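Trainee: My structure is in final34.txt, and what it holds is compact mmCIF, C-alpha atoms and all ligand atoms:
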# COMPACT_ATOMS: atom_id res chain seq x y z
CA MET A 29 179.90 147.56 172.14
CA THR A 30 183.66 147.65 171.63
CA ASN A 31 184.20 144.52 173.70
CA LYS A 32 182.16 142.43 171.27
CA SER A 33 183.97 141.08 168.28
CA ILE A 34 181.04 141.19 165.86
CA ILE A 35 177.96 143.46 166.04
CA LYS A 36 174.76 141.52 165.48
CA LEU A 37 172.16 143.40 163.50
CA GLY A 38 168.40 143.07 163.38
CA VAL A 39 167.23 144.74 160.18
CA PHE A 40 163.69 146.00 159.54
CA GLY A 41 162.87 146.21 155.83
CA PHE A 42 164.38 144.58 152.78
CA GLY A 43 163.42 147.08 150.09
CA CYS A 44 165.76 149.27 148.11
CA VAL A 45 167.96 150.36 151.05
CA GLY A 46 167.68 147.10 153.06
CA GLY A 47 168.74 145.06 150.03
CA GLY A 48 171.52 147.57 149.35
CA LEU A 49 172.74 147.27 152.94
CA TYR A 50 172.95 143.49 152.70
CA GLU A 51 175.15 143.83 149.61
CA VAL A 52 177.43 146.63 150.83
CA LEU A 53 177.90 144.89 154.17
CA HIS A 54 179.02 141.71 152.44
CA LYS A 55 181.32 143.60 150.09
CA THR A 56 182.97 145.64 152.87
CA GLY A 57 185.65 143.65 154.61
CA GLY A 58 186.51 145.91 157.51
CA ILE A 59 183.11 146.13 159.21
CA LYS A 60 182.59 143.61 161.97
CA ALA A 61 178.84 143.32 161.68
CA HIS A 62 176.56 140.46 160.84
CA ILE A 63 172.85 140.47 159.94
CA GLU A 64 171.16 138.13 162.38
CA LYS A 65 167.61 138.44 161.06
CA ILE A 66 165.55 140.66 158.74
CA CYS A 67 161.96 141.52 159.59
CA VAL A 68 159.65 142.09 156.61
CA LYS A 69 155.91 142.60 156.22
CA ASN A 70 154.87 140.87 153.02
CA ARG A 71 155.03 137.04 153.16
CA ASP A 72 154.30 136.59 149.45
CA LYS A 73 157.03 138.79 147.98
CA LYS A 74 159.84 136.96 146.20
CA ARG A 75 163.21 137.88 147.73
CA SER A 76 166.85 137.42 146.80
CA LEU A 77 167.78 135.65 150.06
CA PRO A 78 166.63 132.29 151.46
CA GLU A 79 163.55 132.18 153.67
CA GLU A 80 165.53 131.54 156.89
CA PHE A 81 166.96 135.09 156.83
CA PHE A 82 163.50 136.54 157.38
CA THR A 83 160.92 136.86 160.11
CA TYR A 84 157.47 138.47 160.05
CA ASP A 85 157.37 139.10 163.79
CA LYS A 86 159.03 142.33 164.95
CA ASN A 87 159.49 140.93 168.45
CA ASP A 88 161.90 138.31 167.06
CA LEU A 89 164.28 141.25 166.63
CA LEU A 90 163.23 143.72 169.29
CA PHE A 91 163.33 141.21 172.18
CA ASN A 92 166.21 139.11 170.88
CA ASP A 93 169.17 139.22 173.30
CA ASN A 94 171.42 138.10 170.51
CA ILE A 95 170.84 141.36 168.59
CA ASP A 96 172.88 144.45 169.52
CA VAL A 97 171.71 146.96 166.95
CA ILE A 98 168.39 147.54 165.25
CA VAL A 99 168.63 148.90 161.71
CA GLU A 100 165.30 150.43 160.74
CA LEU A 101 164.77 150.77 156.97
CA ILE A 102 161.00 150.67 156.41
CA ASP A 103 159.00 153.49 154.87
CA ASP A 104 155.99 153.70 157.19
CA SER A 105 157.14 156.43 159.57
CA GLU A 106 154.67 155.66 162.37
CA ALA A 107 155.48 151.93 162.38
CA ALA A 108 159.16 152.93 162.26
CA PHE A 109 158.75 155.14 165.34
CA GLU A 110 157.14 152.24 167.21
CA ILE A 111 160.07 149.97 166.29
CA VAL A 112 162.76 152.54 167.08
CA SER A 113 161.29 153.63 170.41
CA THR A 114 160.81 150.01 171.55
CA ALA A 115 164.39 149.20 170.55
CA LEU A 116 165.80 152.19 172.46
CA LYS A 117 163.74 151.26 175.53
CA ASN A 118 165.23 147.76 175.30
CA GLY A 119 168.72 149.24 175.37
CA LYS A 120 169.45 148.48 171.72
CA ALA A 121 171.34 151.03 169.63
CA VAL A 122 169.45 152.06 166.50
CA VAL A 123 170.45 153.11 163.00
CA THR A 124 167.70 154.51 160.81
CA ALA A 125 167.34 156.37 157.50
CA ASN A 126 163.77 157.49 158.14
CA LYS A 127 163.80 161.29 157.84
CA LYS A 128 160.03 161.71 158.29
CA MET A 129 160.06 159.69 161.51
CA ILE A 130 163.03 161.60 162.95
CA ALA A 131 161.69 165.03 162.02
CA GLU A 132 158.20 164.31 163.36
CA HIS A 133 159.32 162.63 166.60
CA PHE A 134 162.58 164.40 167.33
CA GLU A 135 161.83 165.49 170.92
CA GLU A 136 160.67 162.00 171.94
CA LEU A 137 163.66 160.36 170.28
CA LEU A 138 166.06 162.73 172.01
CA GLN A 139 164.46 161.99 175.35
CA LEU A 140 164.62 158.22 174.80
CA GLN A 141 168.32 158.41 173.90
CA GLN A 142 169.00 160.31 177.12
CA GLU A 143 166.77 158.20 179.36
CA TYR A 144 168.03 154.83 178.16
CA ASN A 145 171.55 156.00 177.33
CA VAL A 146 171.60 154.36 173.90
CA PRO A 147 172.67 155.90 170.60
CA LEU A 148 170.42 156.60 167.65
CA LEU A 149 172.30 157.37 164.42
CA TYR A 150 170.71 158.55 161.17
CA GLU A 151 173.29 159.77 158.66
CA GLY A 152 171.42 157.96 155.86
CA ALA A 153 168.35 160.12 156.53
CA CYS A 154 169.93 163.32 155.16
CA CYS A 155 171.29 163.46 151.62
CA ALA A 156 172.22 159.75 151.57
CA SER A 157 175.93 159.45 150.83
CA ILE A 158 176.93 162.97 151.99
CA PRO A 159 178.17 162.79 155.61
CA ILE A 160 176.45 166.02 156.56
CA ILE A 161 175.16 165.22 160.04
CA ARG A 162 178.46 163.99 161.39
CA ASN A 163 180.22 166.99 159.88
CA LEU A 164 177.75 169.41 161.47
CA GLU A 165 178.04 167.57 164.79
CA GLU A 166 181.80 167.21 164.94
CA TYR A 167 183.53 169.63 162.62
CA TYR A 168 181.20 172.62 162.81
CA ASP A 169 181.00 172.25 166.55
CA ASN A 170 180.56 175.96 167.23
CA ASP A 171 177.99 178.67 166.75
CA LEU A 172 179.70 180.33 163.79
CA LEU A 173 177.63 178.68 161.09
CA THR A 174 175.37 181.13 159.31
CA ALA A 175 173.68 179.10 156.60
CA VAL A 176 173.16 175.66 155.11
CA GLU A 177 171.65 175.54 151.64
CA GLY A 178 171.30 172.78 149.13
CA ILE A 179 169.61 170.20 147.01
CA PHE A 180 168.39 167.67 149.56
CA ASN A 181 166.18 165.53 147.33
CA GLY A 182 167.53 163.26 144.62
CA SER A 183 164.23 162.49 142.89
CA THR A 184 163.23 166.08 142.18
CA ASN A 185 166.76 166.90 141.07
CA TYR A 186 166.62 163.91 138.73
CA ILE A 187 163.24 165.03 137.35
CA LEU A 188 164.35 168.64 136.84
CA THR A 189 167.59 167.51 135.19
CA LYS A 190 165.66 165.33 132.75
CA ILE A 191 163.22 168.16 132.01
CA PHE A 192 166.04 170.66 131.38
CA ASP A 193 168.53 168.42 129.57
CA GLU A 194 166.34 165.95 127.71
CA ASN A 195 163.01 167.78 127.43
CA LEU A 196 161.36 164.86 129.20
CA ASP A 197 157.88 165.49 130.56
CA PHE A 198 157.35 165.49 134.31
CA ASP A 199 155.47 162.16 134.52
CA THR A 200 158.04 160.22 132.48
CA ALA A 201 160.91 161.66 134.52
CA LEU A 202 159.13 160.82 137.78
CA LYS A 203 158.50 157.27 136.57
CA GLN A 204 162.22 156.89 135.85
CA ALA A 205 163.08 158.22 139.32
CA GLN A 206 160.69 155.65 140.82
CA GLU A 207 162.12 152.81 138.75
CA ALA A 208 165.65 153.74 139.79
CA GLY A 209 164.61 153.50 143.47
CA PHE A 210 165.15 157.21 144.18
CA ALA A 211 161.58 158.22 144.95
CA GLU A 212 159.64 157.58 148.14
CA SER A 213 156.83 154.97 148.00
CA ASP A 214 154.52 157.97 148.03
CA PRO A 215 156.30 160.25 145.51
CA ARG A 216 154.25 163.26 146.65
CA LEU A 217 156.69 163.42 149.55
CA ASP A 218 159.41 164.16 146.99
CA VAL A 219 157.66 166.32 144.41
CA ASP A 220 155.74 168.42 146.96
CA GLY A 221 158.91 169.13 148.94
CA PHE A 222 158.11 167.24 152.15
CA ASP A 223 161.15 164.97 151.96
CA PRO A 224 163.69 167.82 151.70
CA LYS A 225 161.78 169.62 154.46
CA TYR A 226 162.22 166.67 156.85
CA LYS A 227 165.94 166.63 156.01
CA LEU A 228 166.17 170.40 156.54
CA ASP A 229 164.41 169.99 159.87
CA ILE A 230 167.03 167.46 161.02
CA ILE A 231 169.85 169.65 159.72
CA LEU A 232 168.44 172.63 161.66
CA THR A 233 169.02 170.69 164.88
CA HIS A 234 172.58 169.72 164.05
CA ALA A 235 173.54 173.06 162.45
CA PHE A 236 171.85 175.57 164.75
CA GLY A 237 170.50 173.63 167.73
CA ALA A 238 166.90 174.41 166.78
CA THR A 239 164.23 171.77 167.24
CA VAL A 240 161.41 172.65 164.90
CA ASN A 241 158.12 170.89 164.29
CA PRO A 242 158.16 170.20 160.52
CA ILE A 243 154.62 171.59 160.34
CA ASP A 244 156.14 175.00 161.05
CA ILE A 245 158.29 174.91 157.91
CA PHE A 246 156.43 175.71 154.69
CA ASN A 247 157.33 173.45 151.75
CA TYR A 248 156.66 174.22 148.10
CA GLY A 249 157.49 171.53 145.57
CA ILE A 250 158.03 171.35 141.82
CA THR A 251 154.61 170.21 140.56
CA ARG A 252 153.44 173.72 139.66
CA LEU A 253 156.44 174.57 137.49
CA SER A 254 155.15 175.15 133.96
CA PRO A 255 156.76 175.07 130.50
CA PHE A 256 156.68 178.90 130.68
CA ASP A 257 158.87 178.81 133.82
CA ILE A 258 161.30 176.32 132.28
CA GLN A 259 161.52 178.41 129.10
CA TYR A 260 162.10 181.60 131.14
CA ALA A 261 164.94 179.89 133.05
CA ARG A 262 166.49 178.54 129.84
CA GLU A 263 166.44 181.95 128.17
CA LYS A 264 168.24 183.47 131.14
CA GLY A 265 170.80 180.64 131.26
CA TYR A 266 169.52 179.42 134.64
CA ARG A 267 168.55 175.99 135.88
CA ILE A 268 165.77 175.39 138.40
CA LYS A 269 166.51 173.25 141.47
CA LEU A 270 164.40 172.46 144.52
CA VAL A 271 166.46 174.16 147.22
CA ALA A 272 166.17 173.78 150.98
CA GLN A 273 167.91 176.39 153.05
CA CYS A 274 168.29 177.64 156.57
CA ARG A 275 169.97 180.83 157.75
CA LYS A 276 170.69 182.20 161.19
CA ALA A 277 171.03 185.80 162.31
CA GLY A 278 171.33 186.16 166.08
CA ASP A 279 168.65 183.93 167.58
CA LYS A 280 166.51 184.20 164.48
CA ILE A 281 166.46 181.23 162.14
CA VAL A 282 164.70 180.99 158.81
CA ALA A 283 164.05 177.79 156.88
CA THR A 284 162.60 177.44 153.39
CA VAL A 285 161.96 174.77 150.74
CA PHE A 286 161.26 176.29 147.31
CA PRO A 287 162.33 175.91 143.70
CA LYS A 288 165.13 178.37 142.95
CA PHE A 289 166.77 179.80 139.84
CA ILE A 290 170.37 178.64 139.87
CA THR A 291 172.89 180.70 137.93
CA PRO A 292 175.99 179.16 136.30
CA SER A 293 178.25 180.61 139.02
CA ASP A 294 176.30 178.81 141.77
CA LYS A 295 177.90 175.66 143.16
CA LEU A 296 174.58 173.85 142.79
CA TYR A 297 174.42 174.52 139.02
CA THR A 298 176.29 171.36 138.04
CA ILE A 299 174.64 169.11 140.63
CA ASN A 300 172.38 167.00 138.47
CA ASN A 301 170.33 163.80 138.40
CA GLU A 302 170.08 162.11 141.80
CA TYR A 303 173.06 164.01 143.20
CA ASN A 304 172.62 166.32 146.17
CA GLY A 305 174.78 169.34 146.96
CA ILE A 306 175.15 171.27 150.19
CA VAL A 307 176.70 174.73 150.62
CA ILE A 308 177.72 175.62 154.15
CA GLU A 309 178.45 179.19 155.15
CA SER A 310 180.27 180.10 158.30
CA ILE A 311 181.70 183.36 159.57
CA PHE A 312 185.40 182.52 159.30
CA ALA A 313 185.62 179.55 156.93
CA GLU A 314 183.19 181.31 154.53
CA THR A 315 181.77 178.89 151.95
CA GLN A 316 182.27 175.14 151.77
CA PHE A 317 180.61 172.65 149.50
CA PHE A 318 179.67 168.97 149.72
CA SER A 319 178.20 166.86 146.95
CA GLY A 320 177.36 163.22 146.43
CA LYS A 321 174.58 160.84 145.49
CA GLY A 322 171.49 161.77 147.49
CA ALA A 323 169.26 158.80 146.73
CA GLY A 324 169.42 155.18 145.71
CA ALA A 325 170.15 151.84 147.34
CA TYR A 326 173.94 151.89 147.57
CA PRO A 327 174.52 155.57 148.47
CA THR A 328 171.97 155.34 151.30
CA ALA A 329 173.22 151.93 152.41
CA SER A 330 176.77 153.29 152.54
CA ALA A 331 175.65 155.95 155.05
CA VAL A 332 173.80 153.31 157.08
CA LEU A 333 176.92 151.16 157.04
CA SER A 334 179.02 154.09 158.21
CA ASP A 335 176.65 154.53 161.18
CA ILE A 336 176.91 150.82 162.02
CA SER A 337 180.67 151.17 161.88
CA ALA A 338 180.55 154.27 164.13
CA LEU A 339 178.70 152.23 166.74
CA THR A 340 181.70 149.90 166.97
CA TYR A 341 183.62 152.78 168.56
CA ASN A 342 180.67 153.91 170.68
CA TYR A 343 179.91 157.00 168.63
CA LYS A 344 176.77 158.95 169.48
CA TYR A 345 175.42 162.41 168.65
CA GLU A 346 176.02 164.84 171.49
CA TYR A 347 173.58 167.51 170.29
CA LYS A 348 175.91 170.17 171.67
CA LYS A 349 174.24 172.98 169.75
CA LEU A 350 170.96 172.36 171.53
CA LEU A 351 172.79 173.58 174.64
CA GLN A 352 174.62 176.40 172.84
CA ASN A 353 171.55 177.96 171.25
CA PRO A 354 168.61 177.55 173.63
CA ALA A 355 166.97 180.75 172.36
CA ALA A 356 167.20 179.87 168.65
CA ARG A 357 163.77 180.31 167.09
CA ILE A 358 162.29 179.88 163.64
CA SER A 359 160.88 183.04 162.07
CA ASN A 360 159.02 183.90 158.87
CA ASP A 361 159.76 187.61 159.20
CA PHE A 362 162.25 188.27 156.42
CA LEU A 363 162.32 189.34 152.78
CA ALA A 364 162.58 186.82 149.95
CA GLU A 365 163.09 187.83 146.34
CA VAL A 366 160.83 185.68 144.19
CA PHE A 367 159.62 185.18 140.64
CA VAL A 368 155.89 184.52 140.66
CA ARG A 369 154.06 183.42 137.55
CA PHE A 370 150.32 183.94 137.82
CA SER A 371 147.13 184.14 135.82
CA ASP A 372 144.79 187.14 135.88
CA GLY A 373 142.29 185.30 138.07
CA SER A 374 144.76 184.14 140.71
CA GLY A 375 144.21 187.05 143.09
CA LEU A 376 147.85 188.11 143.24
CA LYS A 377 148.34 191.87 143.67
CA PRO A 378 151.61 193.75 143.15
CA THR A 379 150.87 195.50 146.46
CA ASP A 380 151.57 192.16 148.23
CA PHE A 381 155.22 192.89 147.41
CA GLU A 382 157.59 195.24 149.25
CA THR A 383 159.45 196.04 146.05
CA VAL A 384 158.75 195.16 142.41
CA LYS A 385 161.74 194.75 140.09
CA GLU A 386 159.94 193.49 137.01
CA PHE A 387 156.33 193.06 135.97
CA TYR A 388 155.24 191.21 132.84
CA SER A 389 151.65 190.86 131.79
CA SER A 390 150.17 188.71 129.04
CA GLY A 391 146.94 187.28 130.40
CA ASN A 392 147.62 183.73 131.48
CA ASN A 393 151.34 183.99 131.97
CA ASN A 394 152.00 187.14 133.93
CA PHE A 395 154.97 187.30 136.17
CA ILE A 396 156.35 189.53 138.82
CA ILE A 397 159.83 189.60 140.28
CA GLY A 398 160.13 191.33 143.59
CA GLU A 399 160.77 191.18 147.29
CA ILE A 400 158.00 189.91 149.51
CA ASN A 401 157.76 189.35 153.23
CA TYR A 402 157.99 185.57 153.63
CA GLN A 403 155.04 185.36 156.03
CA THR A 404 152.90 187.25 153.48
CA LEU A 405 154.04 184.84 150.76
CA VAL A 406 153.33 181.59 152.58
CA THR A 407 149.99 182.71 154.01
CA SER A 408 148.68 184.18 150.75
CA ASN A 409 145.71 182.51 149.11
CA TRP A 410 147.29 182.68 145.68
CA ILE A 411 150.25 180.49 146.62
CA LYS A 412 147.84 177.53 146.78
CA SER A 413 146.58 178.12 143.25
CA ASN A 414 147.51 175.76 140.43
CA GLU A 415 147.75 178.81 138.20
CA VAL A 416 150.66 180.19 140.19
CA SER A 417 154.25 179.09 140.48
CA VAL A 418 156.79 180.58 142.87
CA ILE A 419 160.53 180.37 142.26
CA PHE A 420 163.15 182.01 144.47
CA THR A 421 165.59 184.19 142.57
CA ALA A 422 169.33 183.81 143.02
CA SER A 423 169.40 186.70 145.53
CA PRO A 424 170.09 185.59 149.11
CA LEU A 425 167.27 185.80 151.64
CA LYS A 426 167.38 189.06 153.60
CA VAL A 427 167.56 187.88 157.17
CA THR A 428 168.51 190.38 159.85
CA ASP A 429 169.24 189.96 163.53
CA PRO A 430 166.43 191.73 165.46
CA VAL A 431 168.83 192.64 168.30
CA GLU A 432 171.27 194.28 165.87
CA GLU A 433 168.39 196.03 164.11
CA LEU A 434 167.16 197.46 167.40
CA ALA A 435 170.67 198.60 168.34
CA ALA A 436 171.02 200.35 164.96
CA LEU A 437 167.66 202.08 165.52
CA VAL A 438 168.67 203.28 168.99
CA GLU A 439 171.99 204.59 167.61
CA ALA A 440 170.21 206.44 164.83
N1 LIG B 1 163.28 160.04 148.01
C1 LIG B 1 164.52 160.50 148.53
C2 LIG B 1 165.18 161.39 147.50
C3 LIG B 1 165.40 159.34 148.87
O1 LIG B 1 164.76 161.36 146.34
O2 LIG B 1 166.09 162.14 147.85
C4 LIG B 1 166.63 159.69 149.64
O3 LIG B 1 166.34 160.26 150.87
Re-express the file's structure as structure tokens.
Ligand code: HSE
Mentor:
Amino acid sequence: MTNKSIIKLGVFGFGCVGGGLYEVLHKTGGIKAHIEKICVKNRDKKRSLPEEFFTYDKNDLLFNDNIDVIVELIDDSEAAFEIVSTALKNGKAVVTANKKMIAEHFEELLQLQQEYNVPLLYEGACCASIPIIRNLEEYYDNDLLTAVEGIFNGSTNYILTKIFDENLDFDTALKQAQEAGFAESDPRLDVDGFDPKYKLDIILTHAFGATVNPIDIFNYGITRLSPFDIQYAREKGYRIKLVAQCRKAGDKIVATVFPKFITPSDKLYTINNEYNGIVIESIFAETQFFSGKGAGAYPTASAVLSDISALTYNYKYEYKKLLQNPAARISNDFLAEVFVRFSDGSGLKPTDFETVKEFYSSGNNNFIIGEINYQTLVTSNWIKSNEVSVIFTASPLKVTDPVEELAALVEA
């Protein structure tokens, strides 16, 4: 690609991010890229560009020899996979921001990149403007990372900020997040924690070399948080954030998506509205922190633009950690300290917990704070109840390396 003076782009989608890309591309002088054609679905929608920019036939882009790079920015993940896989098979480099598509089809996409020797870049898929994937790929290019934790979803952070700071109700705050272009077309992906799970799934690959089917990661969103929970957090001086995290101990990896109480000393405490924040822990560097806008047209388009720019110098992901950590496996066998609010009829029993720190009972708003085996938590019947909410406490997850544990047992 370096021998061409200008990269010619075929763009799929002209929604929030597609429109944003058009603008940032035209406002950024240094990038030698030009949008050749934009493929859209709806013929009747009024658009900000003249008709000749658009086509309704995907093959006008996918089989167009004049186009070097396909930029995929639609929200239907299965249609996106069809587009991306066809493009890669045709030898076209691809830039996408579709986290669901990448997480659900990772193995196939990896194989296509290898077989056809074409790059697929997706920085815009994880935390929008924060360059987390390239940092994990290039800077943290070793096996000394121990944890990645953060706010990976702008919409839920926006909603929770509005609830905490402005006493807005959930529906009004969600509507604002939708109007601002932060939320997915199906906002359940945001509020039920699927979107941050897909991002966590991608980060697991680039942080720890683990390829995990997203079905194997449990996600718990923010829809069950009640005024009682918010009041409890306020009284303690906490905020509640939807936190995705992964930790590694030996070959054991854990990955969770749950609301969490955030104390004022936590780096995520001041990350509000549509901002995302990511804390990285590694053995020698200890803790590092990234923050930036995690949703919205321009922040996402800026990451997409950065990927387009990276293609001009033939950048591709090397997935080195997949080779470094072939035995890395996801596990639900660890202890999480949680706050669980429950009603008398919810079926929760204190004996489900390994330890109980606090127990409060008042009929409809009982709560328990204690340590519970994560597998027990996510397979319990009560976790599905609308009369229950689960919030992780500020205590870190207790993840131990089974090999070290065994060695300690033998020594004892
Ligand atoms: N719906 C996503 C969010 C968009 O709110 O974070 C950015 O991925």
Trainee: All residues within 7 Å of ligand LIG 1 (chain B) are required, counting all atoms listed in the file; please report them as a list of chain:residue names.
Mentor: A:Ala153, A:Cys154, A:Cys155, A:Ala156, A:Phe180, A:Asn181, A:Gly182, A:Ser183, A:Thr184, A:Phe210, A:Ala211, A:Glu212, A:Asp218, A:Asp223, A:Gly322, A:Ala323, A:Gly324
Trainee: For CA of Ala356 (chain A) and CA of Ile281 (chain A), quote the distance in Å rounded to one decimal.
Mentor: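 For CA of Ala356 (chain A) relative to CA of Ile281 (chain A), the distance reads 6.7 Å.
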Trainee: Mind giving me the straight-line distance from CA of Val122 (chain A) to CA of Lys69 (chain A) in Å, one decimal?
Mentor: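 That distance, rounded to one decimal, is 19.5 Å.
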Trainee: In the coordinate frame of the file, compute which residues have an atom within 10 Å of (164.5, 160.6, 160.7) when using only C-alpha atoms, and state them as a ChimeraX atom specification.
Mentor: /A:105,108-109,123-134,137,148-154,226-227,229-230
Trainee: When you count only C-alpha atoms, which of these residues is closest to His234 (chain A): A:Asn195, A:Thr328, A:Asn145, A:Asn353?
Mentor: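 Nearest candidate to His234 (chain A) out of A:Asn195, A:Thr328, A:Asn145, A:Asn353: A:Asn353.
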Trainee: Please report the interatomic distance between CA of Ile34 (chain A) and CA of Pro159 (chain A) in Å with one decimal.
Mentor: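 One can read the CA of Ile34 (chain A) to CA of Pro159 (chain A) distance as 24.1 Å.
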Trainee: Please provide as a VMD selection string all residues within 9 Å of Ala272 (chain A), with the sequence filter that same-chain residues fewer than 6 positions apart are discarded (counting only C-alpha atoms).
Mentor: chain A and resid 176 to 180 221 224 to 225 227 to 228 247 283 to 287
Trainee: Ala277 (chain A): which residues within 12 Å, counting only C-alpha atoms, same-chain residues fewer than 4 positions away excluded, as a VMD selection string?
Mentor: chain A and resid 171 to 175 236 281 to 283 310 to 311 353 355 to 359 361 to 362 425 to 433
Trainee: Write out as a list in words each polymer residue whose atoms come within 10 Å of region 70-79 of chain A, counting only C-alpha atoms; drop sequence neighbours fewer than 5 positions from it.
Mentor: Phe42, Gly43, Gly47, Tyr50 and Tyr84 of chain A
Trainee: Determine, counting all atoms listed in the file, every residue of protein, DNA or RNA that lies within 7 Å of (173.6, 151.6, 171.6) in the file coordinates, then give the result as JSON, numbers by chain.
Mentor: {"A": [97, 119, 120, 121, 122, 146, 147]}
Trainee: Env of Phe289 (chain A): 7 Å cut, atoms = all atoms listed in the file, seq-sep filter 5 positions within chain, self excluded. Answer as a PyMOL selection string.
Mentor: chain A and resi 266-269+419-422
Trainee: Here is a test: counting all atoms listed in the file, which residue of A:Ile336, A:Ser408, A:Thr315, A:Tyr260 is nearest to Phe367 (chain A)?
Mentor: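 Closest to Phe367 (chain A), using all atoms listed in the file: A:Tyr260.
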Trainee: Identify which of the residues A:Glu80, A:Glu382, A:Glu399, A:Asp244 lies closest to Ile66 (chain A), counting only C-alpha atoms when measuring atom-to-atom distances.
Mentor: A:Glu80
Trainee: Determine the nearest neighbour of Lys321 (chain A) from the options A:Lys288, A:Ser157, A:Ser113, A:His62, counting all atoms listed in the file.
Mentor: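 Nearest to Lys321 (chain A): A:Ser157.
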Trainee: Return the single residue from A:Ile299, A:Val39, A:Ala238, A:Ile397 that is closest to Thr189 (chain A), with distances computed using all atoms listed in the file.
Mentor: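 With all atoms listed in the file as the atom set, the closest residue is A:Ile299.
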Trainee: Which residue gives the smallest distance to Gln259 (chain A) among A:Asn393, A:Ser413, A:Ser371, A:Asn94, with only C-alpha atoms counted?
Mentor: A:Asn393
Trainee: Env of Lys377 (chain A): 12 Å cut, atoms = all atoms listed in the file, seq-sep filter 3 positions within chain, self excluded. Answer as a list in words.
Mentor: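 Residues meeting the cut-off are Val368, Arg369, Phe370, Ser371, Asp372, Gly373, Ser374, Asp380, Phe381, Glu382, Val384, Phe387, Asn394, Phe395, Ile396, Gly398, Ile400, Thr404, Leu405, Ser408, Asn409, Trp410 and Ile411 of chain A.
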